Structures are given as structure tokens and as C-alpha cells.
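Listing of start_23.cif; format and content: mmCIF, C-alpha atoms.
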data_run
#
loop_
_atom_site.label_atom_id
_atom_site.label_comp_id
_atom_site.auth_asym_id
_atom_site.auth_seq_id
_atom_site.Cartn_x
_atom_site.Cartn_y
_atom_site.Cartn_z
CA MET A 1 99.57 87.68 134.54
CA ASN A 2 96.18 88.99 135.49
CA LYS A 3 94.85 92.53 135.40
CA SER A 4 95.70 93.29 139.04
CA SER A 5 99.34 92.45 138.43
CA TRP A 6 99.39 94.77 135.39
CA GLN A 7 98.04 97.63 137.50
CA SER A 8 100.35 96.96 140.45
CA ARG A 9 103.36 97.23 138.19
CA ARG A 10 102.10 100.49 136.79
CA ARG A 11 101.65 102.00 140.25
CA HIS A 12 105.33 101.53 141.16
CA GLY A 13 106.24 104.52 139.02
CA ARG A 14 109.72 104.76 137.57
CA ARG A 15 110.82 101.33 138.84
CA SER A 16 107.99 99.67 136.97
CA HIS A 17 109.27 100.97 133.63
CA GLN A 18 112.42 98.87 134.03
CA GLN A 19 110.19 95.79 134.39
CA ASN A 20 107.82 96.81 131.63
CA PRO A 21 105.97 93.70 130.39
CA TRP A 22 105.77 94.65 126.71
CA PHE A 23 107.86 92.58 124.32
CA ARG A 24 107.85 91.66 120.65
CA LEU A 25 107.36 88.34 118.94
CA ARG A 26 109.24 88.17 115.65
CA ASP A 27 110.20 85.69 112.98
CA PRO A 28 113.85 84.52 113.25
CA GLU A 29 114.38 85.87 109.72
CA ASP A 30 113.36 89.29 110.99
CA ARG A 31 115.88 88.93 113.81
CA SER A 32 118.70 88.07 111.38
CA ASP A 33 117.74 90.98 109.12
CA SER A 34 117.82 93.33 112.08
CA GLN A 35 121.21 91.99 113.18
CA ALA A 36 122.54 92.34 109.65
CA ALA A 37 121.35 95.93 109.55
CA ARG A 38 123.07 96.61 112.85
CA SER A 39 126.28 94.95 111.64
CA ALA A 40 126.25 97.06 108.49
CA GLN A 41 125.67 100.13 110.63
CA ASP A 42 128.54 99.24 112.97
CA SER A 43 130.99 98.47 110.16
CA SER A 44 130.39 101.69 108.21
CA HIS A 45 132.66 104.74 108.61
CA GLY A 46 132.08 106.64 111.81
CA ASP A 47 128.79 104.90 112.61
CA ASP A 48 129.87 103.28 115.87
CA GLU A 49 128.28 106.25 117.56
CA SER A 50 125.37 108.22 116.24
CA PRO A 51 126.55 111.49 114.68
CA SER A 52 125.34 114.78 116.07
CA THR A 53 126.24 118.41 116.02
CA SER A 54 129.15 119.53 118.19
CA SER A 55 126.87 121.53 120.46
CA GLY A 56 124.68 118.52 121.15
CA THR A 57 127.37 115.87 121.80
CA ALA A 58 128.64 115.36 125.31
CA GLY A 59 132.04 114.18 124.13
CA ALA A 60 132.45 117.25 121.94
CA SER A 61 131.11 119.80 124.38
CA SER A 62 134.56 121.32 124.83
CA VAL A 63 135.14 121.65 121.08
CA PRO A 64 134.33 125.09 119.63
CA GLU A 65 131.32 125.18 117.31
CA LEU A 66 132.14 126.53 113.86
CA PRO A 67 129.28 127.82 111.71
CA GLY A 68 128.81 125.61 108.64
CA PHE A 69 130.91 122.78 110.06
CA TYR A 70 130.18 119.56 111.93
CA PHE A 71 132.66 118.03 114.42
CA ASP A 72 132.83 114.22 114.31
CA PRO A 73 133.80 112.98 117.81
CA GLU A 74 135.04 109.66 116.41
CA LYS A 75 137.32 111.07 113.73
CA LYS A 76 138.11 114.11 115.91
CA ARG A 77 137.91 116.50 113.00
CA TYR A 78 135.56 119.02 111.38
CA PHE A 79 133.56 118.41 108.21
CA ARG A 80 131.92 121.07 106.09
CA LEU A 81 128.11 121.04 105.90
CA LEU A 82 126.80 121.69 102.39
CA PRO A 83 123.23 122.48 101.26
CA GLY A 84 120.90 119.47 101.51
CA HIS A 85 119.80 119.75 97.87
CA ASN A 86 123.30 118.86 96.65
CA ASN A 87 122.97 115.15 95.82
CA CYS A 88 126.72 114.72 95.64
CA ASN A 89 127.25 115.97 99.18
CA PRO A 90 127.65 113.03 101.61
CA LEU A 91 127.26 115.14 104.74
CA THR A 92 124.29 117.42 105.32
CA LYS A 93 122.28 118.38 108.39
CA GLU A 94 119.44 116.22 107.10
CA SER A 95 121.70 113.18 106.64
CA ILE A 96 123.13 113.67 110.12
CA ARG A 97 119.61 113.85 111.58
CA GLN A 98 118.57 110.70 109.71
CA LYS A 99 121.64 108.84 110.97
CA GLU A 100 120.85 109.90 114.51
CA MET A 101 117.27 108.68 114.20
CA GLU A 102 118.30 105.36 112.64
CA SER A 103 121.00 104.81 115.26
CA LYS A 104 118.48 105.47 118.03
CA ARG A 105 115.95 103.10 116.44
CA LEU A 106 118.50 100.27 116.14
CA ARG A 107 119.63 100.81 119.72
CA LEU A 108 116.04 100.58 121.00
CA LEU A 109 115.40 97.48 118.88
CA GLU A 110 118.46 95.86 120.44
CA GLU A 111 116.99 96.58 123.87
CA GLU A 112 113.68 95.08 122.74
CA ASP A 113 115.49 91.88 121.69
CA LYS A 114 116.59 91.36 125.29
CA GLN A 115 112.96 91.12 126.43
CA LYS A 116 111.33 87.77 127.16
CA LYS A 117 109.48 86.02 124.33
CA ALA A 118 106.29 83.89 124.41
CA ASP A 119 103.51 82.43 122.26
CA THR A 120 100.22 84.24 121.79
CA ASN A 121 96.84 83.98 120.09
CA SER A 122 94.65 86.74 118.73
CA ASP A 123 91.13 87.48 117.54
CA ARG A 124 90.14 88.38 113.98
CA LEU A 125 91.37 91.65 112.53
CA PHE A 126 89.90 93.60 109.61
CA THR A 127 92.65 95.02 107.41
CA VAL A 128 92.82 97.50 104.56
CA ASN A 129 95.96 97.67 102.41
CA ASP A 130 96.66 100.45 99.95
CA VAL A 131 97.75 99.19 96.55
CA LYS A 132 100.52 101.04 94.72
CA VAL A 133 98.68 100.94 91.38
CA GLY A 134 95.70 102.64 93.01
CA GLY A 135 92.85 101.38 95.14
CA SER A 136 92.74 99.10 98.16
CA LYS A 137 92.42 95.44 99.07
CA TYR A 138 90.77 94.35 102.28
CA GLY A 139 89.76 91.29 104.24
CA ILE A 140 89.69 89.69 107.69
CA ILE A 141 92.73 87.94 109.16
CA ASN A 142 92.12 85.26 111.77
CA LEU A 143 95.20 85.24 113.98
CA GLN A 144 94.24 82.45 116.36
CA SER A 145 96.94 80.21 114.89
CA LEU A 146 99.63 82.86 115.33
CA LYS A 147 102.57 81.09 117.00
CA THR A 148 106.26 81.76 117.34
CA PRO A 149 108.44 81.48 115.33
CA THR A 150 105.96 81.81 112.42
CA LEU A 151 104.92 85.45 112.36
CA LYS A 152 103.75 85.87 108.79
CA VAL A 153 100.46 87.49 107.77
CA PHE A 154 98.19 85.29 105.66
CA MET A 155 95.02 86.88 104.32
CA HIS A 156 91.93 84.82 103.55
CA GLU A 157 91.83 83.58 99.97
CA ASN A 158 88.66 85.53 99.27
CA LEU A 159 90.49 88.85 99.42
CA TYR A 160 88.47 91.77 98.07
CA PHE A 161 89.85 94.53 95.88
CA THR A 162 88.55 97.93 94.89
CA ASN A 163 90.10 100.42 92.52
CA ARG A 164 89.02 103.20 94.86
CA LYS A 165 90.78 104.31 98.01
CA VAL A 166 89.21 103.36 101.35
CA ASN A 167 89.09 106.62 103.29
CA SER A 168 87.69 105.24 106.54
CA VAL A 169 86.41 101.99 107.97
CA CYS A 170 84.75 100.75 111.16
CA TRP A 171 82.94 97.71 112.54
CA ALA A 172 79.13 97.83 112.36
CA SER A 173 76.58 95.92 114.45
CA LEU A 174 73.41 95.42 112.42
CA ASN A 175 72.44 91.82 113.23
CA HIS A 176 74.78 91.32 116.20
CA LEU A 177 77.98 92.81 117.57
CA ASP A 178 80.52 93.43 114.78
CA SER A 179 78.32 91.62 112.24
CA HIS A 180 79.28 94.00 109.41
CA ILE A 181 82.04 96.31 108.19
CA LEU A 182 81.33 99.88 107.14
CA LEU A 183 83.62 101.12 104.34
CA CYS A 184 83.76 104.65 102.93
CA LEU A 185 85.17 104.69 99.39
CA MET A 186 86.40 107.74 97.50
CA GLY A 187 84.79 108.73 94.24
CA LEU A 188 86.67 107.99 91.03
CA ALA A 189 86.24 109.97 87.80
CA GLU A 190 82.47 110.15 87.23
CA THR A 191 81.73 107.50 89.87
CA PRO A 192 80.56 109.10 93.15
CA GLY A 193 81.87 108.08 96.54
CA CYS A 194 79.89 105.57 98.56
CA ALA A 195 79.45 104.08 102.02
CA THR A 196 79.22 100.30 101.79
CA LEU A 197 77.99 97.93 104.49
CA LEU A 198 79.45 94.43 104.08
CA PRO A 199 78.59 91.31 106.12
CA ALA A 200 81.62 90.05 108.04
CA SER A 201 80.65 86.53 106.90
CA LEU A 202 81.71 87.60 103.41
CA PHE A 203 85.31 87.09 104.49
CA VAL A 204 84.99 83.65 106.07
CA ASN A 205 86.48 80.65 104.25
CA SER A 206 83.71 78.28 105.30
CA HIS A 207 81.31 78.43 102.36
CA PRO A 208 80.65 75.04 100.70
CA ALA A 209 81.74 74.66 97.10
CA GLY A 210 79.16 75.76 94.55
CA ILE A 211 77.27 77.97 96.96
CA ASP A 212 77.42 81.69 96.37
CA ARG A 213 78.96 83.79 99.05
CA PRO A 214 76.75 86.42 100.71
CA GLY A 215 76.62 89.60 98.68
CA MET A 216 76.85 93.22 99.60
CA LEU A 217 74.15 94.25 102.03
CA CYS A 218 73.76 97.85 100.95
CA SER A 219 75.57 100.84 99.52
CA PHE A 220 74.80 104.55 99.82
CA ARG A 221 76.07 107.29 97.55
CA ILE A 222 77.93 109.99 99.44
CA PRO A 223 80.51 112.65 98.64
CA GLY A 224 84.05 111.80 99.74
CA ALA A 225 83.99 110.97 103.46
CA TRP A 226 86.84 111.73 105.84
CA SER A 227 85.44 109.64 108.67
CA CYS A 228 82.65 107.27 109.66
CA ALA A 229 81.11 105.86 112.84
CA TRP A 230 78.46 103.27 113.69
CA SER A 231 75.85 103.97 116.36
CA LEU A 232 75.15 101.57 119.23
CA ASN A 233 72.84 104.09 120.86
CA ILE A 234 69.23 102.89 120.98
CA GLN A 235 67.98 106.37 120.01
CA ALA A 236 69.92 106.13 116.75
CA ASN A 237 69.44 102.43 116.07
CA ASN A 238 70.74 101.01 112.77
CA CYS A 239 72.38 104.33 111.95
CA PHE A 240 75.84 105.36 110.84
CA SER A 241 77.44 108.74 110.39
CA THR A 242 79.89 110.01 107.79
CA GLY A 243 82.04 113.08 108.23
CA LEU A 244 82.23 115.02 104.97
CA SER A 245 83.64 118.34 103.83
CA ARG A 246 81.67 120.89 105.87
CA ARG A 247 78.86 118.43 106.58
CA VAL A 248 77.85 115.51 108.77
CA LEU A 249 75.50 112.96 107.22
CA LEU A 250 73.45 110.63 109.45
CA THR A 251 71.96 107.62 107.62
CA ASN A 252 69.53 104.91 108.76
CA VAL A 253 70.45 101.74 106.84
CA VAL A 254 66.99 100.16 107.28
CA THR A 255 64.74 103.06 106.30
CA GLY A 256 67.24 105.00 104.18
CA HIS A 257 66.29 108.20 106.05
CA ARG A 258 69.02 110.84 106.15
CA GLN A 259 69.80 113.91 108.22
CA SER A 260 72.38 116.47 107.17
CA PHE A 261 74.15 118.86 109.58
CA GLY A 262 76.20 121.72 108.13
CA THR A 263 79.60 122.54 109.64
CA ASN A 264 82.25 125.14 108.92
CA SER A 265 85.08 122.65 108.40
CA ASP A 266 85.94 119.12 107.26
CA VAL A 267 84.93 116.46 109.82
CA LEU A 268 87.96 114.20 110.31
CA ALA A 269 86.91 112.13 113.36
CA GLN A 270 83.64 110.85 114.81
CA GLN A 271 82.26 108.71 117.63
CA PHE A 272 78.74 108.05 118.99
CA ALA A 273 78.10 108.11 122.72
CA LEU A 274 76.32 105.04 124.02
CA MET A 275 74.33 106.26 127.04
CA VAL A 276 73.38 109.72 125.81
CA PRO A 277 72.15 110.50 122.26
CA LEU A 278 75.23 112.46 121.16
CA LEU A 279 77.57 112.23 118.17
CA PHE A 280 81.01 113.78 118.75
CA ASN A 281 82.91 115.23 115.79
CA GLY A 282 86.48 116.49 115.38
CA CYS A 283 87.17 119.05 112.63
CA ARG A 284 90.07 120.29 110.57
CA SER A 285 89.54 123.72 112.13
CA GLY A 286 90.37 122.29 115.57
CA GLU A 287 86.76 122.41 116.79
CA ILE A 288 85.15 119.43 118.53
CA PHE A 289 81.38 119.54 118.74
CA ALA A 290 78.57 117.16 119.70
CA ILE A 291 75.35 116.73 117.74
CA ASP A 292 72.25 116.11 119.88
CA LEU A 293 70.48 113.34 117.97
CA ARG A 294 67.13 114.23 119.58
CA CYS A 295 67.11 117.54 117.72
CA GLY A 296 66.40 117.87 114.06
CA ASN A 297 68.86 119.47 111.71
CA GLN A 298 66.82 122.67 111.72
CA GLY A 299 67.64 125.56 114.01
CA LYS A 300 70.65 126.00 116.28
CA GLY A 301 69.93 123.62 119.15
CA TRP A 302 71.73 120.55 117.81
CA LYS A 303 75.25 121.60 118.88
CA ALA A 304 75.39 120.30 122.44
CA THR A 305 79.10 120.68 123.33
CA ARG A 306 81.99 122.65 121.83
CA LEU A 307 85.72 122.22 122.54
CA PHE A 308 88.70 123.68 120.70
CA HIS A 309 92.20 122.53 119.72
CA ASP A 310 94.80 124.71 118.02
CA SER A 311 95.19 122.27 115.11
CA ALA A 312 93.16 119.79 113.05
CA VAL A 313 91.59 117.09 115.23
CA THR A 314 92.41 113.60 113.93
CA SER A 315 90.85 111.36 116.59
CA VAL A 316 88.17 111.55 119.30
CA ARG A 317 87.50 108.83 121.89
CA ILE A 318 84.73 108.94 124.51
CA LEU A 319 85.56 107.32 127.85
CA GLN A 320 83.15 104.75 129.25
CA ASP A 321 81.46 107.01 131.80
CA GLU A 322 80.89 109.50 128.95
CA GLN A 323 81.99 112.41 131.13
CA TYR A 324 85.42 112.63 129.50
CA LEU A 325 86.69 112.75 125.92
CA MET A 326 90.20 112.13 124.58
CA ALA A 327 91.31 113.95 121.43
CA SER A 328 94.50 114.26 119.38
CA ASP A 329 95.46 116.77 116.70
CA MET A 330 97.96 117.45 113.92
CA ALA A 331 100.20 119.44 116.26
CA GLY A 332 100.92 116.28 118.28
CA LYS A 333 98.71 117.34 121.20
CA ILE A 334 96.73 114.68 123.07
CA LYS A 335 94.24 116.12 125.55
CA LEU A 336 91.72 114.71 128.02
CA TRP A 337 88.62 116.91 128.22
CA ASP A 338 86.04 117.09 130.99
CA LEU A 339 82.73 117.33 129.10
CA ARG A 340 80.93 118.77 132.12
CA THR A 341 83.23 121.79 132.49
CA THR A 342 84.47 121.78 128.85
CA LYS A 343 88.03 122.15 130.15
CA CYS A 344 91.21 120.22 129.38
CA ILE A 345 92.26 118.39 132.55
CA ARG A 346 95.27 116.39 131.31
CA GLN A 347 97.79 116.32 128.44
CA TYR A 348 99.86 113.36 127.24
CA GLU A 349 103.32 114.48 126.15
CA GLY A 350 105.63 112.93 123.56
CA HIS A 351 103.30 112.25 120.63
CA VAL A 352 104.73 113.40 117.27
CA ASN A 353 102.48 114.65 114.48
CA GLU A 354 102.75 117.50 111.98
CA TYR A 355 100.13 116.76 109.34
CA ALA A 356 99.22 113.04 109.38
CA TYR A 357 95.81 111.45 109.99
CA LEU A 358 96.67 109.33 113.05
CA PRO A 359 94.24 107.54 115.43
CA LEU A 360 94.18 107.13 119.23
CA HIS A 361 93.57 103.85 121.07
CA VAL A 362 92.10 104.19 124.58
CA HIS A 363 91.84 101.07 126.77
CA GLU A 364 90.34 101.83 130.15
CA GLU A 365 90.33 98.22 131.33
CA GLU A 366 94.14 98.23 131.28
CA GLY A 367 94.41 101.95 132.03
CA ILE A 368 96.49 102.80 128.97
CA LEU A 369 96.51 105.10 125.96
CA VAL A 370 98.27 104.05 122.74
CA ALA A 371 99.22 106.21 119.74
CA VAL A 372 101.62 105.90 116.81
CA GLY A 373 103.48 109.08 115.93
CA GLN A 374 104.56 110.40 112.58
CA ASP A 375 108.11 109.50 113.65
CA CYS A 376 106.95 105.82 113.51
CA TYR A 377 107.30 105.30 117.28
CA THR A 378 104.42 103.66 119.18
CA ARG A 379 103.93 105.23 122.61
CA ILE A 380 101.97 103.89 125.56
CA TRP A 381 100.87 106.21 128.37
CA SER A 382 99.20 105.64 131.71
CA LEU A 383 95.65 106.83 131.24
CA HIS A 384 95.39 107.98 134.84
CA ASP A 385 98.53 110.10 135.34
CA ALA A 386 99.68 110.68 131.71
CA HIS A 387 103.08 109.11 132.43
CA LEU A 388 104.82 107.69 129.33
CA LEU A 389 105.14 103.97 130.07
CA ARG A 390 106.73 102.65 126.92
CA THR A 391 108.15 103.78 123.56
CA ILE A 392 108.33 101.05 120.91
CA PRO A 393 110.49 101.67 117.80
CA SER A 394 109.25 100.56 114.42
CA PRO A 395 110.88 97.38 113.07
CA TYR A 396 111.29 99.31 109.81
CA PRO A 397 113.40 102.46 109.25
CA ALA A 398 111.26 105.56 109.79
CA SER A 399 109.36 106.49 106.62
CA LYS A 400 106.20 108.40 105.75
CA ALA A 401 105.06 105.36 103.77
CA ASP A 402 105.65 102.91 106.63
CA ILE A 403 103.98 104.46 109.67
CA PRO A 404 102.87 101.43 111.75
CA SER A 405 99.21 100.62 112.34
CA VAL A 406 98.38 99.12 115.73
CA ALA A 407 95.44 97.34 117.34
CA PHE A 408 95.16 96.52 121.04
CA SER A 409 93.11 93.83 122.77
CA SER A 410 92.66 93.26 126.50
CA ARG A 411 92.31 89.52 125.79
CA LEU A 412 94.23 88.38 122.75
CA GLY A 413 92.78 85.08 121.56
CA GLY A 414 89.45 85.39 123.37
CA SER A 415 88.20 85.41 126.96
CA ARG A 416 91.24 83.53 128.26
CA GLY A 417 93.78 85.68 126.45
CA ALA A 418 96.16 88.27 127.89
CA PRO A 419 96.50 91.94 126.94
CA GLY A 420 98.56 92.52 123.81
CA LEU A 421 99.36 94.89 120.98
CA LEU A 422 99.47 93.98 117.28
CA MET A 423 101.60 96.18 115.02
CA ALA A 424 101.36 96.05 111.21
CA VAL A 425 104.21 97.53 109.16
CA GLY A 426 104.35 96.93 105.41
CA GLN A 427 103.49 93.25 104.88
CA ASP A 428 104.61 92.12 108.35
CA LEU A 429 102.76 91.77 111.64
CA TYR A 430 104.46 92.10 115.03
CA CYS A 431 102.97 91.12 118.36
CA TYR A 432 103.75 92.70 121.74
CA SER A 433 102.22 90.59 124.46
CA TYR A 434 101.94 90.74 128.25
CA SER A 435 103.00 87.76 130.32
#

Entire entry expressed as C-alpha cells:
Amino acid sequence: MNKSSWQSRRRHGRRSHQQNPWFRLRDPEDRSDSQAARSAQDSSHGDDESPSTSSGTAGASSVPELPGFYFDPEKKRYFRLLPGHNNCNPLTKESIRQKEMESKRLRLLEEEDKQKKADTNSDRLFTVNDVKVGGSKYGIINLQSLKTPTLKVFMHENLYFTNRKVNSVCWASLNHLDSHILLCLMGLAETPGCATLLPASLFVNSHPAGIDRPGMLCSFRIPGAWSCAWSLNIQANNCFSTGLSRRVLLTNVVTGHRQSFGTNSDVLAQQFALMVPLLFNGCRSGEIFAIDLRCGNQGKGWKATRLFHDSAVTSVRILQDEQYLMASDMAGKIKLWDLRTTKCIRQYEGHVNEYAYLPLHVHEEEGILVAVGQDCYTRIWSLHDAHLLRTIPSPYPASKADIPSVAFSSRLGGSRGAPGLLMAVGQDLYCYSYS
């Protein structure tokens, strides 16, 4: 289905949500595991219906609420609620809430299973996996051979490993578009942190035997970086930025020249504008400010724009006309800002975040906004009217350690591909395509 069909469906409002084109491709083993989990859930005591408090259950609305007790509508009796720290207690408010969340997730997954399935292809994807023993491993996955029913992730054999945590990563365009990867590594013991620029060809399995693979292009010592961004602006050519604790560091990889801009907070998110020489930064304090790259780091003239959130800003995305900016924070707020008036003109409701470092994905070509919440649900909004189009449950039970990572492409598999979403959870990759 072409782009016009996608948009026409979105314009039909509430009716279009019943015909939503998103669906998941999964391995049959994943399907059987999910069905087994549902069977176990259905066969357990009182789990045919998700438990809830008596005041919040429609079937129990006529039953008096007793402080310290929970009324089970299935068993039609009260159960005492004990403190959550008592490991021997099988029924606590926390356990009830977890059962409700898991029951909801399984119900939504069952609805997802009813959606139509199809084959898909995808472009390359740079991945970073945290290792339990400390450090990270990273490489590029080529997903062009991704076909149903085989939905397993296979990394290239030349997988790279570092004993230091990768704090942030982005594509870099030194020789051509996405020719390199920019990695910011944490310091370890007496070893300082560094920003490393690696050729993307380093991760290609096409090198003849006996010939050395291309080495690291360059590495710059930096304090621990929270964020990084590569510049495609001609007035900051061959430059990247790193967001540090109370400082922004601008580095030219060819000349080695650096500019430092002091801030009053940690810089958690960054993005360069393309048409105007501005670098936008989101801070832990909730401030969003732009650095005018034409000004030096002396004086007060380099702060071009200032916006404010009530919580730490975790992601900033500049729209293509560069008159609007999308930002999200650790209070779960997603706001669209008009940079000309410095006013918020739209909010996107439903995102869940309390303290996590979570990104935004803005795709103007398809008119959508995508974000994964701390509750492990992936939500898709209409960019134009902020309507919530789709909520996708995680294939895994909700966990702080298993918050999904997603990547969206308007043309999965290249110029002839269709829009689609890739979701990575643990060691598995799921694909939601549009047909």
C-alpha cells in the first residue's frame, strides 16, 4: 500500500483505528511460547479475569469496599491485603497490579495475533547490546534476508566488544551518508572516556582472507558523555557534538579544533539543525536551548533559543522545516514547540516515563510519532492531530531490564520497501510492517 493509502486511513479518525495496518511478524516458536503463557495464565487460580480492586471492577461495583481487603469477583469473597515486603504473602497490592498489567499485555498480544501476516525486508541496523559482565558489544545487522517464519537475529561474525559501557551512539557522515558510527564510551578506572569514530565498513563481512580490516578512524578523549550528535550543516562540516555534565563540546574530526560551551545542567539530548547553524540541546534541568554555531563560546550571544519542560529532557527532534521541535521528558510529557513563538502548540498523551532515558522517533513522511514507554508499550501517534493511533504491547513481560528498542523506516528493504517498525527485545527482533 502506498503512502496516500496510509494517509487516507489515518484521516478516517476512529474508524481507521479498527483497520490499523500495523501487525507483527514472529517466529512460530514465539507464537507457541505466547500461547503456552496464556494457557498457564488461564489455568491458574482466579486468573480467568484480571484481578483488580473492588472499587475498580465493574462486576464488583455493588460490593462494599473494606479497607485492607480485596474482593475477588471470581471467587466472590474477600482476601486480606498484607504489606508488600512480606515475601510469604501471596496477595499484595503490587502483585494485583502486576497481574492486571500482565493480563492486559496477554490480551493485547492475542488481538495482535489476529492481524494479517506478511514477509518483509529491511535495511542495515547498528546495534549495541549491554553485556551482563560489564561493557557492550556492537555491530551492524543486515536484515535484507529477514523472512517469515525465520525471525532470529544474527549478528555479523566480526562482532566488536568493549569492556566499557556505550553511553550514546549515532550515525556519522564523514565520507558519505552514514559512512561512520560515532560511539561515546564511559571512562573505566583510570581510563578516560572517549568518543570514537568507526568506519561502517568495519562491520562488513566482505573482506578477503589475509587482508586486514579497516582500523579505527579516530578517537577523542572526553569526560563521560550523556549524548552525541553528528552535524550535516555546512557551517559545521565534519563536526560532532557531545553533551557532557554541565558542558557541550563541539569537535572537528579533521582539524581537531574544539569549542566548549558551559551549561548549568547535564546535556541529555542533542540534534543539529540542517538549514540554520544551530545545535539544540535538552538538559536534565528541563531546559532546551540552541547554540548558534556562528558565535564563539565567549560572551552571552550563543544561546539562540530557550524552552522549558518541568522534568529532565530525554529527546529532542527538529522537524524538517526547522520551525518546530519535538521534545520528551522524564515526566512522560511529549510536546511540540513552535520555535518562532517559543510556545508549546501540541501535546501527545499516553507516554509513560518516570526516570528512564527514552528516545523519540519522528517520521514526517508517514505523519507519525513513535515512542516506547517505561511500561514497555510502544505507542504511535498521528503527528498532525496528536491522536493515539496504536499501542503495541511488548512480546516480553514488562520489566525495567527489557524495555523494547525500536527503529522505524519509511521503506523497509530499500526504495521499493514499505513502512515498517522493528522492535528489539532481549535477543529477539520483531517486525511490524504495513501492507

Between CA of Gly426 (chain A) and CA of Pro404 (chain A) - distance in Å to one decimal: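 Here the two named atoms are 7.9 Å from each other.
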
Name every residue that the PyMOL selection byres ((chain A and resi 352) around 7) selects in this structure, writing the answer as a VMD selection string with chains first and numbers rising. chain A and resid 332 350 to 351 353 to 354 373 to 375

Please identify all polymer residues lying at most 9 Å from the point (82.1, 109.2, 120.3) (file coordinates), using all atoms listed in the file, and present the result as a compact mmCIF listing (two decimals) with C-alpha atoms, in the frame of the given file.
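Once written, result.txt looks like this:
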# COMPACT_ATOMS: atom_id res chain seq x y z
CA ALA A 229 81.11 105.86 112.84
CA ALA A 269 86.91 112.13 113.36
CA GLN A 270 83.64 110.85 114.81
CA GLN A 271 82.26 108.71 117.63
CA PHE A 272 78.74 108.05 118.99
CA ALA A 273 78.10 108.11 122.72
CA LEU A 274 76.32 105.04 124.02
CA LEU A 278 75.23 112.46 121.16
CA LEU A 279 77.57 112.23 118.17
CA PHE A 280 81.01 113.78 118.75
CA ASN A 281 82.91 115.23 115.79
CA ALA A 290 78.57 117.16 119.70
CA VAL A 316 88.17 111.55 119.30
CA ARG A 317 87.50 108.83 121.89
CA ILE A 318 84.73 108.94 124.51
CA LEU A 319 85.56 107.32 127.85
CA GLU A 322 80.89 109.50 128.95
CA LEU A 325 86.69 112.75 125.92

When distances are computed from all atoms listed in the file, which of A:Val406, A:Leu232, A:Val253, A:Val370 shows the smallest separation from His176 (chain A)?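 Of the candidates, the smallest distance to His176 (chain A) is held by A:Leu232.
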
Report the distance between CA of Asn163 (chain A) and CA of Leu198 (chain A) in Å, rounded to one decimal place. 16.8 Å

Which value, in Å to one decimal, gives the distance between CA of Ala189 (chain A) and CA of Val166 (chain A)?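 One can read the CA of Ala189 (chain A) to CA of Val166 (chain A) distance as 15.4 Å.
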
Residues selected by the PyMOL selection byres ((chain A and resi 66) around 12), written as a PyMOL selection string: chain A and resi 53-55+63-65+67-71+77-81

Which one of A:Gly256, A:Gly243, A:Pro199, A:Pro393 sits closest to Leu182 (chain A) if you count only C-alpha atoms?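 Of the candidates, the smallest distance to Leu182 (chain A) is held by A:Pro199.
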
Can you tell me which residues surround Val128 (chain A) at a distance of at most 7 Å, considering all atoms listed in the file, apart from same-chain residues fewer than 5 positions away, and format the answer as an MDAnalysis selection string? chainID A and resid 136:139

Can you list what the PyMOL selection byres ((chain A and resi 105) around 10) grabs from this structure, as a list in words?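 Taken on the displayed file, the PyMOL selection byres ((chain A and resi 105) around 10) yields the residues Lys99, Glu100, Met101, Glu102, Ser103, Lys104, Leu106, Arg107, Leu108, Leu109, Glu110, Glu111, Cys376, Tyr377, Ile392, Pro393, Ser394, Pro395, Tyr396, Pro397 and Ala398 of chain A.
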
Could you give me, as a ChimeraX atom specification, the residues within 12 Å of Cys228 (chain A), counting all atoms listed in the file and dropping anything in the same chain fewer than 5 positions from it? /A:166-172,181-185,194-197,222,239-244,248-251,267-272,279-282,315-316

Which one of A:Leu339, A:Asn238, A:Thr127, A:Gly286 sits closest to Leu177 (chain A) if you count all atoms listed in the file?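 Checking each of A:Leu339, A:Asn238, A:Thr127, A:Gly286 against Leu177 (chain A), counting all atoms listed in the file, the winner is A:Asn238.
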
What's the 9 Å shell around His309 (chain A), counting all atoms listed in the file, without same-chain residues fewer than 3 positions away, as a count of residues only? 11

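Shell of Val276 (chain A) at 10 Å, with all atoms listed in the file counted and residues fewer than 6 places along the chain excluded, is Asn233, Ile234, Gln235, Asp292, Leu293, Arg294 and Glu322 of chain A.
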